[in-house]
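> Contents of protein_37.cif (mmCIF, C-alpha atoms) are given next:
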```
data_entry
loop_
_atom_site.label_atom_id
_atom_site.label_comp_id
_atom_site.auth_asym_id
_atom_site.auth_seq_id
_atom_site.Cartn_x
_atom_site.Cartn_y
_atom_site.Cartn_z
CA MET A 718 -196.30 -86.90 -166.89
CA SER A 719 -196.97 -84.94 -170.06
CA LEU A 720 -197.90 -85.22 -173.69
CA PHE A 721 -197.27 -82.46 -176.22
CA LEU A 722 -199.79 -81.38 -178.87
CA VAL A 723 -198.18 -79.14 -181.49
CA ARG A 724 -199.98 -77.02 -184.07
CA HIS A 725 -197.98 -77.25 -187.28
CA ALA A 726 -195.66 -74.34 -187.94
CA LYS A 727 -196.36 -71.62 -190.49
CA ALA A 728 -197.11 -72.97 -193.96
CA GLY A 729 -197.83 -71.28 -197.24
CA LYS A 730 -201.28 -69.77 -197.67
CA ARG A 731 -203.98 -72.25 -198.61
CA SER A 732 -205.47 -69.73 -201.08
CA GLN A 733 -202.16 -69.52 -202.93
CA TRP A 734 -201.59 -73.27 -203.16
CA ASP A 735 -202.86 -75.00 -206.31
CA ASP A 736 -201.86 -78.58 -205.49
CA ASP A 737 -203.35 -81.10 -203.05
CA ASP A 738 -203.53 -79.25 -199.70
CA SER A 739 -202.00 -82.20 -197.86
CA LEU A 740 -198.77 -81.44 -199.77
CA ARG A 741 -198.55 -77.77 -198.73
CA PRO A 742 -195.14 -77.27 -197.07
CA LEU A 743 -193.79 -74.97 -194.40
CA VAL A 744 -192.47 -71.57 -195.40
CA ALA A 745 -189.06 -70.31 -194.21
CA GLU A 746 -190.54 -68.82 -191.02
CA GLY A 747 -192.27 -72.14 -190.33
CA ILE A 748 -189.00 -74.02 -190.66
CA ARG A 749 -187.46 -71.66 -188.10
CA GLN A 750 -190.48 -72.16 -185.81
CA ALA A 751 -190.06 -75.94 -186.11
CA GLU A 752 -186.42 -75.62 -185.01
CA VAL A 753 -187.40 -73.55 -181.95
CA ILE A 754 -190.12 -76.07 -181.07
CA ALA A 755 -187.56 -78.89 -181.32
CA ASN A 756 -185.15 -77.02 -179.05
CA SER A 757 -187.95 -76.49 -176.51
CA ILE A 758 -189.24 -80.07 -176.43
CA ALA A 759 -186.01 -82.08 -176.88
CA PRO A 760 -184.69 -81.40 -173.33
CA LEU A 761 -187.98 -82.79 -171.96
CA GLN A 762 -187.04 -86.23 -173.34
CA PRO A 763 -189.87 -87.00 -175.77
CA THR A 764 -190.56 -90.71 -176.21
CA ALA A 765 -192.48 -90.86 -179.50
CA LEU A 766 -193.38 -88.55 -182.39
CA PHE A 767 -196.75 -88.72 -184.17
CA SER A 768 -197.95 -86.42 -186.92
CA SER A 769 -200.80 -85.78 -189.24
CA PRO A 770 -199.69 -87.23 -192.58
CA PHE A 771 -199.93 -83.72 -194.10
CA VAL A 772 -196.49 -82.47 -195.21
CA ARG A 773 -196.58 -79.32 -193.07
CA CYS A 774 -197.10 -81.36 -189.90
CA MET A 775 -194.43 -83.93 -190.74
CA GLN A 776 -192.01 -81.06 -191.49
CA THR A 777 -192.82 -79.42 -188.15
CA LEU A 778 -191.54 -82.46 -186.26
CA GLU A 779 -188.52 -83.14 -188.51
CA PRO A 780 -186.06 -81.01 -186.47
CA LEU A 781 -187.21 -82.77 -183.27
CA SER A 782 -186.76 -86.11 -185.00
CA LYS A 783 -183.20 -85.19 -186.02
CA THR A 784 -182.37 -83.99 -182.51
CA THR A 785 -183.80 -87.00 -180.68
CA GLY A 786 -183.33 -89.78 -183.22
CA LEU A 787 -187.03 -90.63 -182.95
CA HIS A 788 -188.98 -91.49 -186.11
CA VAL A 789 -192.01 -89.33 -186.98
CA ALA A 790 -194.93 -91.73 -187.40
CA PRO A 791 -197.81 -90.42 -189.55
CA HIS A 792 -201.21 -90.97 -187.94
CA ASP A 793 -204.59 -90.33 -189.56
CA LEU A 794 -206.21 -89.38 -186.24
CA LEU A 795 -204.18 -86.15 -186.34
CA ALA A 796 -205.21 -85.13 -189.88
CA GLU A 797 -207.52 -82.25 -190.77
CA GLY A 798 -211.21 -83.07 -190.57
CA VAL A 799 -210.75 -86.02 -188.22
CA ASP A 800 -213.35 -87.06 -185.65
CA PHE A 801 -211.66 -85.40 -182.68
CA ILE A 802 -213.38 -87.72 -180.18
CA ARG A 803 -211.49 -90.63 -181.72
CA THR A 804 -208.32 -88.55 -181.45
CA VAL A 805 -208.97 -87.93 -177.74
CA GLU A 806 -209.56 -91.65 -177.12
CA TRP A 807 -206.33 -92.53 -178.94
CA MET A 808 -204.39 -89.94 -176.92
CA HIS A 809 -205.33 -91.82 -173.75
CA THR A 810 -203.31 -94.79 -175.05
CA LEU A 811 -200.07 -92.85 -175.56
CA ALA A 812 -197.05 -93.14 -173.31
CA ASP A 813 -195.71 -90.22 -171.32
CA GLY A 814 -193.57 -87.92 -173.44
CA ALA A 815 -195.37 -88.50 -176.74
CA VAL A 816 -195.41 -85.55 -179.13
CA MET A 817 -198.24 -85.09 -181.65
CA CYS A 818 -198.53 -82.57 -184.47
CA SER A 819 -201.94 -81.62 -185.84
CA HIS A 820 -204.07 -78.82 -187.30
CA GLY A 821 -206.07 -75.77 -186.30
CA ASP A 822 -209.41 -77.49 -186.72
CA VAL A 823 -208.43 -80.46 -184.52
CA ILE A 824 -206.50 -78.97 -181.60
CA PRO A 825 -209.17 -76.61 -180.17
CA GLU A 826 -211.76 -79.41 -180.35
CA VAL A 827 -209.42 -81.81 -178.55
CA ILE A 828 -208.64 -79.26 -175.82
CA ASP A 829 -212.35 -78.48 -175.35
CA ALA A 830 -213.17 -82.21 -175.13
CA LEU A 831 -210.43 -82.80 -172.56
CA GLU A 832 -211.68 -79.83 -170.54
CA ARG A 833 -215.24 -81.20 -170.60
CA ARG A 834 -213.76 -84.42 -169.20
CA GLY A 835 -212.22 -82.54 -166.28
CA MET A 836 -208.87 -81.20 -167.49
CA GLU A 837 -207.96 -77.82 -165.98
CA VAL A 838 -206.78 -75.35 -168.61
CA SER A 839 -204.47 -72.63 -167.35
CA GLY A 840 -203.28 -69.54 -169.15
CA PHE A 841 -204.21 -68.34 -172.59
CA ARG A 842 -205.92 -70.74 -175.02
CA GLU A 843 -203.47 -70.95 -177.89
CA SER A 844 -203.92 -72.56 -181.27
CA ARG A 845 -201.91 -70.36 -183.62
CA LYS A 846 -199.41 -72.03 -185.93
CA GLY A 847 -196.38 -73.19 -184.00
CA SER A 848 -198.07 -73.25 -180.58
CA VAL A 849 -197.57 -76.23 -178.26
CA TRP A 850 -200.02 -77.61 -175.70
CA VAL A 851 -198.45 -79.35 -172.71
CA LEU A 852 -201.01 -81.86 -171.46
CA ASN A 853 -200.46 -83.34 -168.01
CA HIS A 854 -201.99 -86.70 -167.23
CA LEU A 855 -202.26 -88.83 -164.13
CA ASP A 856 -203.66 -92.34 -163.79
CA GLY A 857 -204.91 -92.34 -167.38
CA GLU A 858 -206.71 -88.99 -167.16
CA PHE A 859 -205.70 -85.59 -168.48
CA VAL A 860 -205.62 -83.30 -165.46
CA GLY A 861 -204.04 -80.07 -166.68
CA GLY A 862 -203.06 -78.27 -169.83
CA HIS A 863 -201.33 -75.06 -170.80
CA ALA A 864 -200.06 -73.70 -174.08
CA TRP A 865 -196.75 -72.28 -175.16
CA PRO A 866 -197.18 -69.44 -177.66
CA PRO A 867 -195.68 -69.88 -181.11
CA PRO A 868 -192.11 -68.73 -181.74
CA ARG A 869 -192.05 -65.22 -183.20
CA PHE A 870 -189.23 -63.59 -185.14
CA GLU A 871 -188.65 -59.86 -185.57
#
```
With the file now loaded, output its structure as C-alpha coordinates.


Amino acid sequence: MSLFLVRHAKAGKRSQWDDDDSLRPLVAEGIRQAEVIANSIAPLQPTALFSSPFVRCMQTLEPLSKTTGLHVAPHDLLAEGVDFIRTVEWMHTLADGAVMCSHGDVIPEVIDALERRGMEVSGFRESRKGSVWVLNHLDGEFVGGHAWPPPRFE
(Lines of atoms letter the chains of each structure in order from A and count residues from 1; the text may use other names and numbers.)
(Lines give C-alpha, C1' and ligand atoms only; values in the text may rest on other atoms or scores of the structure.)
Protein backbone atom coordinates (compact mmCIF):
# COMPACT_ATOMS: atom_id res chain seq x y z
CA MET A 1 0.00 0.00 0.00
CA SER A 2 1.44 3.34 -1.01
CA LEU A 3 0.91 7.07 -0.91
CA PHE A 4 2.65 9.49 -3.26
CA LEU A 5 4.18 12.80 -2.17
CA VAL A 6 5.02 15.00 -5.15
CA ARG A 7 7.18 18.11 -5.13
CA HIS A 8 5.56 20.61 -7.48
CA ALA A 9 7.07 20.77 -10.94
CA LYS A 10 9.31 23.58 -12.13
CA ALA A 11 7.78 27.03 -11.66
CA GLY A 12 8.99 30.48 -12.53
CA LYS A 13 11.70 31.97 -10.33
CA ARG A 14 10.44 33.47 -7.09
CA SER A 15 12.84 36.42 -7.49
CA GLN A 16 11.32 37.27 -10.86
CA TRP A 17 7.70 37.09 -9.72
CA ASP A 18 6.11 40.34 -8.55
CA ASP A 19 2.66 39.05 -7.62
CA ASP A 20 1.47 36.96 -4.65
CA ASP A 21 3.81 33.94 -4.57
CA SER A 22 0.89 31.55 -4.16
CA LEU A 23 -0.13 32.51 -7.71
CA ARG A 24 3.24 31.69 -9.33
CA PRO A 25 2.57 29.17 -12.12
CA LEU A 26 4.55 26.38 -13.72
CA VAL A 27 6.84 27.19 -16.62
CA ALA A 28 6.76 25.16 -19.87
CA GLU A 29 9.29 22.62 -18.54
CA GLY A 30 7.18 22.24 -15.39
CA ILE A 31 4.08 21.51 -17.45
CA ARG A 32 6.02 18.78 -19.26
CA GLN A 33 7.25 17.41 -15.91
CA ALA A 34 3.64 17.33 -14.65
CA GLU A 35 2.62 15.28 -17.69
CA VAL A 36 5.43 12.75 -17.08
CA ILE A 37 4.48 12.52 -13.40
CA ALA A 38 0.86 11.85 -14.41
CA ASN A 39 1.94 9.12 -16.82
CA SER A 40 4.03 7.51 -14.07
CA ILE A 41 1.40 7.57 -11.32
CA ALA A 42 -1.82 6.95 -13.31
CA PRO A 43 -1.11 3.23 -13.96
CA LEU A 44 -0.73 2.76 -10.18
CA GLN A 45 -4.43 3.59 -9.76
CA PRO A 46 -4.39 6.66 -7.51
CA THR A 47 -7.49 7.04 -5.35
CA ALA A 48 -7.43 10.73 -4.36
CA LEU A 49 -5.52 13.90 -5.27
CA PHE A 50 -4.61 16.54 -2.68
CA SER A 51 -2.56 19.66 -3.30
CA SER A 52 -1.22 22.73 -1.64
CA PRO A 53 -3.59 25.52 -2.70
CA PHE A 54 -0.64 27.27 -4.42
CA VAL A 55 -1.16 27.44 -8.20
CA ARG A 56 2.07 25.62 -9.06
CA CYS A 57 1.05 22.60 -6.98
CA MET A 58 -2.50 22.49 -8.32
CA GLN A 59 -1.09 22.70 -11.87
CA THR A 60 1.33 19.84 -11.16
CA LEU A 61 -1.57 17.48 -10.47
CA GLU A 62 -3.85 18.73 -13.28
CA PRO A 63 -2.60 16.21 -15.90
CA LEU A 64 -3.10 13.37 -13.40
CA SER A 65 -6.58 14.68 -12.68
CA LYS A 66 -7.42 14.71 -16.39
CA THR A 67 -6.06 11.19 -16.86
CA THR A 68 -7.81 9.65 -13.86
CA GLY A 69 -10.95 11.77 -13.59
CA LEU A 70 -10.12 12.50 -9.94
CA HIS A 71 -10.66 16.02 -8.59
CA VAL A 72 -7.63 17.85 -7.13
CA ALA A 73 -8.63 18.93 -3.63
CA PRO A 74 -6.65 21.88 -2.22
CA HIS A 75 -5.44 21.27 1.34
CA ASP A 76 -3.76 23.82 3.60
CA LEU A 77 -1.63 21.15 5.32
CA LEU A 78 0.39 20.88 2.10
CA ALA A 79 1.07 24.63 1.74
CA GLU A 80 4.43 26.33 2.24
CA GLY A 81 5.27 27.12 5.83
CA VAL A 82 2.89 24.55 7.30
CA ASP A 83 3.51 22.77 10.59
CA PHE A 84 4.84 19.55 9.05
CA ILE A 85 3.94 17.49 12.15
CA ARG A 86 0.27 18.25 11.47
CA THR A 87 0.86 17.22 7.86
CA VAL A 88 2.36 13.89 8.98
CA GLU A 89 -0.59 13.23 11.30
CA TRP A 90 -3.05 14.00 8.49
CA MET A 91 -1.18 11.69 6.11
CA HIS A 92 -1.89 8.80 8.48
CA THR A 93 -5.61 9.28 7.77
CA LEU A 94 -5.32 8.97 3.98
CA ALA A 95 -6.42 5.94 2.01
CA ASP A 96 -4.02 3.85 -0.01
CA GLY A 97 -3.24 5.43 -3.37
CA ALA A 98 -3.61 9.05 -2.30
CA VAL A 99 -1.41 11.55 -4.13
CA MET A 100 -0.28 14.78 -2.46
CA CYS A 101 1.57 17.73 -3.97
CA SER A 102 3.58 20.06 -1.76
CA HIS A 103 6.69 22.25 -1.51
CA GLY A 104 10.42 22.05 -0.93
CA ASP A 105 10.20 23.29 2.64
CA VAL A 106 7.55 20.72 3.62
CA ILE A 107 8.61 17.47 1.94
CA PRO A 108 12.09 17.01 3.51
CA GLU A 109 10.64 17.73 6.97
CA VAL A 110 7.85 15.20 6.42
CA ILE A 111 10.30 12.53 5.22
CA ASP A 112 12.62 13.17 8.19
CA ALA A 113 9.69 12.95 10.62
CA LEU A 114 8.49 9.68 9.10
CA GLU A 115 12.03 8.30 9.29
CA ARG A 116 12.27 9.27 12.98
CA ARG A 117 9.04 7.30 13.46
CA GLY A 118 10.62 4.19 11.94
CA MET A 119 10.19 4.49 8.17
CA GLU A 120 13.10 3.01 6.20
CA VAL A 121 14.33 5.35 3.47
CA SER A 122 16.02 3.66 0.54
CA GLY A 123 17.95 5.25 -2.29
CA PHE A 124 18.78 8.88 -2.79
CA ARG A 125 16.91 11.54 -0.78
CA GLU A 126 15.18 13.58 -3.45
CA SER A 127 13.30 16.84 -3.10
CA ARG A 128 14.00 18.66 -6.35
CA LYS A 129 11.05 20.06 -8.28
CA GLY A 130 9.12 17.28 -9.95
CA SER A 131 10.38 14.48 -7.69
CA VAL A 132 7.95 11.92 -6.26
CA TRP A 133 8.21 10.08 -2.94
CA VAL A 134 6.55 6.66 -2.84
CA LEU A 135 5.61 6.02 0.78
CA ASN A 136 4.69 2.48 1.75
CA HIS A 137 2.48 1.95 4.76
CA LEU A 138 1.26 -1.08 6.64
CA ASP A 139 -1.22 -1.24 9.51
CA GLY A 140 -1.36 2.55 9.77
CA GLU A 141 2.41 3.06 9.88
CA PHE A 142 4.78 4.26 7.18
CA VAL A 143 7.35 1.49 6.76
CA GLY A 144 9.34 2.43 3.67
CA GLY A 145 9.95 5.28 1.30
CA HIS A 146 11.92 5.92 -1.85
CA ALA A 147 12.00 8.79 -4.30
CA TRP A 148 11.70 8.98 -8.05
CA PRO A 149 13.94 11.68 -9.52
CA PRO A 150 12.30 14.53 -11.39
CA PRO A 151 11.72 14.20 -15.13
CA ARG A 152 14.55 15.81 -17.09
CA PHE A 153 14.48 16.96 -20.69
CA GLU A 154 17.49 17.46 -22.98

> Figure out the distance between CA of His792 in chain A and CA of Gln750 in chain A, please, to one decimal in Å.

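Between these atoms lies a distance of 21.8 Å.
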
> Quick one: residues within 10 Å of Gly747 in chain A, all atoms listed in the file, excluding same-chain residues fewer than 6 positions away - as a PDB file with C-alpha atoms, in the coordinates of the input?


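Done, and the output landed in selection.pdb:
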```pdb
ATOM      1  CA  HIS A 725    -197.980 -77.250-187.280  1.00  0.00           C
ATOM      2  CA  ALA A 726    -195.660 -74.340-187.940  1.00  0.00           C
ATOM      3  CA  LYS A 727    -196.360 -71.620-190.490  1.00  0.00           C
ATOM      4  CA  ALA A 728    -197.110 -72.970-193.960  1.00  0.00           C
ATOM      5  CA  GLY A 729    -197.830 -71.280-197.240  1.00  0.00           C
ATOM      6  CA  VAL A 753    -187.400 -73.550-181.950  1.00  0.00           C
ATOM      7  CA  ARG A 773    -196.580 -79.320-193.070  1.00  0.00           C
ATOM      8  CA  GLN A 776    -192.010 -81.060-191.490  1.00  0.00           C
ATOM      9  CA  THR A 777    -192.820 -79.420-188.150  1.00  0.00           C
ATOM     10  CA  LYS A 846    -199.410 -72.030-185.930  1.00  0.00           C
ATOM     11  CA  GLY A 847    -196.380 -73.190-184.000  1.00  0.00           C
ATOM     12  CA  PRO A 868    -192.110 -68.730-181.740  1.00  0.00           C
ATOM     13  CA  ARG A 869    -192.050 -65.220-183.200  1.00  0.00           C
TER      14      ARG A 869
END
```

> Determine the nearest neighbour of Arg845 in chain A from the options A:His820, A:Ile802, A:Val827, A:Gly814, counting only C-alpha atoms.

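Of A:His820, A:Ile802, A:Val827, A:Gly814, the one nearest Arg845 in chain A is A:His820, counting only C-alpha atoms.
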
> Out of A:Pro825, A:Ala830, A:Asn756, A:His809, which residue has the shortest atom-to-atom distance to Asn853 in chain A when counting only C-alpha atoms?

A:His809

> Could you check how far CA of Arg834 in chain A sits from CA of Ala815 in chain A, in Å to one decimal?

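Going from CA of Arg834 in chain A over to CA of Ala815 in chain A, I get 20.3 Å.
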
> Go through A:Val860, A:Ala812, A:Ala745, A:Val823 one by one, measure the shortest atom-to-atom distance of each to Glu837 in chain A using all atoms listed in the file, and give the residue with the smallest value.

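Checking each of A:Val860, A:Ala812, A:Ala745, A:Val823 against Glu837 in chain A, counting all atoms listed in the file, the winner is A:Val860.
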
> Name the residues that the PyMOL selection byres ((chain A and resi 765-772) around 9) pulls out of this structure, and write them as number ranges by chain.

A: 738-743, 763-764, 773-778, 781-782, 787-797, 811-820

> Do you have the CA of Glu746 in chain A-CA of Pro866 in chain A distance handy?

14.9 Å

> Find, counting only C-alpha atoms, the residue in A:Gln733, A:Ile824, A:Gly835, A:Lys783 that gets nearest to Ala864 in chain A.

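So, comparing all the options, the nearest one is A:Ile824.
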
> Determine the nearest neighbour of Met718 in chain A from the options A:Asp800, A:Asp736, A:Asp822, A:Glu858, counting all atoms listed in the file.

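Closest to Met718 in chain A, using all atoms listed in the file: A:Glu858.
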
> Give the answer as one residue: which of A:Ile758, A:Met836, A:Ala751, A:Val744 has the shortest atom-to-atom distance to Leu855 in chain A, using only C-alpha atoms?

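Distance minimum relative to Leu855 in chain A lands on A:Met836.
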
> For the file shown, what are the residues hit by the PyMOL selection byres ((chain A and resi 840) around 9), laid out as a PyMOL selection string?

chain A and resi 838-839+841-843+862-864
